[in-house]
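Single-structure report; data block below.
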Amino acid sequence: MDGTPNIARIGTLLGDNTRARMLTTLMHGKALTASELAREAGVTAQTATSHLAKLQSGGLLTLRKQGRHKYFALANEEVATLLETLMGLSNDDRSLETLTGPRDAAMRHARVCYNHLAGNKGIQLHDSLLASKALVLSNGNLTLTDSGQSFMQEFGIDLQALKASRSPLCRECLDWSERRSHLAGSLGRALLAQFERLKWVKRDPGSRVITFSTKGERAFNQTFVTAE
């Protein structure tokens, strides 16, 4: 061995349709039981348990226990980012005239990507923060500027708490449907949570869709303006 990371191991884990379906099901950020994931993947509980064990040992899933119940979730945001990128790449063999990403208009408009905003509205948020210089992109890294910090604090984001966590504050995530970047990291998660607190948006409990209220979409568009 030459010390090179063994990406083939991850490829093997992701190369099974059942395991891939389980992982993408967890992209909404919720933890699910083995039986719930078995139903989503269309397999027996015994088969699901075997696949989940492989994903957990491979570092793609984490197991959470609460009482007698066991819940599975994506191991971290890096796994979610990888999955979102792969969902985009999976369409690369199609014509560019072909609709990329989900065909569901609601999913394309706004959806959750591991607890941050994705889809058209996620792109709008990302681009607006760059246009206003709240964020700057340098050498592939997003940085929150001083004016950006002031804006976030005024918007109700607890930056001190975010900076105290070990998660990256800002990072780009390649959007599955738009093939452009949306905002991930702890700031992306905090903004989506704030949109929910403001009642601008609500999550569809049965899918990854995020629905904007009429008032919420108007306020979002006024707050996060992009260049024409």
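Naming works like this for the structure tokens: A, B, ... for the chains as they're shown, residue 1 at the start of each chain, ligands 1 onward in shown order.
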Can you check which parts of segment 27-110 of chain A lie within 10 Å of segment 194-205 of chain A? Per residue, the shortest pair of atoms and distance in Å to one decimal, counting only C-alpha atoms, sorted by chain and number, as JSON lines.
{"residue": "A:His28", "atom": "CA", "partner": "A:Pro205", "partner_atom": "CA", "distance": 9.4}
{"residue": "A:Lys30", "atom": "CA", "partner": "A:Pro205", "partner_atom": "CA", "distance": 9.9}
{"residue": "A:Ala110", "atom": "CA", "partner": "A:Val201", "partner_atom": "CA", "distance": 9.6}
Using the selection just defined, write its residues with C-alpha atoms as a PDB file, in the first residue's frame.
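Once everything was written out, this is part_16.pdb:
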ATOM      1  CA  HIS A  28     -33.459  14.833   4.402  1.00  0.00           C
ATOM      2  CA  LYS A  30     -33.693  12.652   9.690  1.00  0.00           C
ATOM      3  CA  ALA A 110     -36.680  23.946  -2.867  1.00  0.00           C
TER       4      ALA A 110
END
* To do: Give me the residues within 10 Å of segment 73-75 of chain A as a PyMOL selection string, counting only C-alpha atoms and dropping any in the same chain fewer than 6 places off.
  => chain A and resi 22-33+55-56+58-64+114
* Picked from segment 54-227 of chain A by DSSP as helix (DSSP H, G or I), as a PyMOL selection string -> chain A and resi 54-57+77-89+105-109+120-131+146-154+159-164+185-197+214-223
* Nearby residues (only C-alpha atoms) at most 12 Å from Thr47 of chain A, same-chain spacing under 5 positions excluded, as a VMD selection string -> chain A and resid 18 to 19 22 34 to 35 37 to 39 41 to 42 52 to 54
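Using only C-alpha atoms for every distance, the candidate list A:Leu169, A:Ser177, A:Ser57, A:Gly67 yields A:Leu169 as the residue closest to Thr143 of chain A.
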* Would you mind writing down, as a PyMOL selection string, each residue of segment 153-209 of chain A that DSSP on the backbone assigns to strand (DSSP E or B)? => chain A and resi 171-174+181-184+201-203+209
* To do: Point out the residue among A:Asp104, A:Asp16, A:Glu178, A:Glu217 with the least atom-to-atom distance to Asn120 of chain A, counting only C-alpha atoms.
  => A:Glu178
* To do: Fewer than 5 positions away in the same chain doesn't count, so skip those; otherwise give me all residues within 8 Å of segment 151-163 of chain A, counting only C-alpha atoms, as a list in words.
  => Ala134, Leu169, Ser186, Leu187, Ala190, Leu191 and Gln194 of chain A
* **Distance in Å - atom CA of Asn17 of chain A versus atom CA of Trp176 of chain A** => 18.2 Å
* Identify which of the residues A:Thr12, A:Ser150, A:Thr81, A:Ser132 lies closest to His116 of chain A, counting only C-alpha atoms when measuring atom-to-atom distances. =>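 That would be A:Thr81, the residue with the smallest distance to His116 of chain A.
What separates atom CA of Asp175 of chain A from atom CA of Thr85 of chain A is a distance of 7.0 Å.
The residue that comes closest to Ile123 of chain A, out of A:Leu137, A:Ala193, A:Leu174, A:Ile10 and on the basis of only C-alpha atoms, is A:Leu174.
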* What is the distance, in Å and to one decimal place, between atom CA of Val112 of chain A and atom CA of Asn76 of chain A? -> 14.9 Å
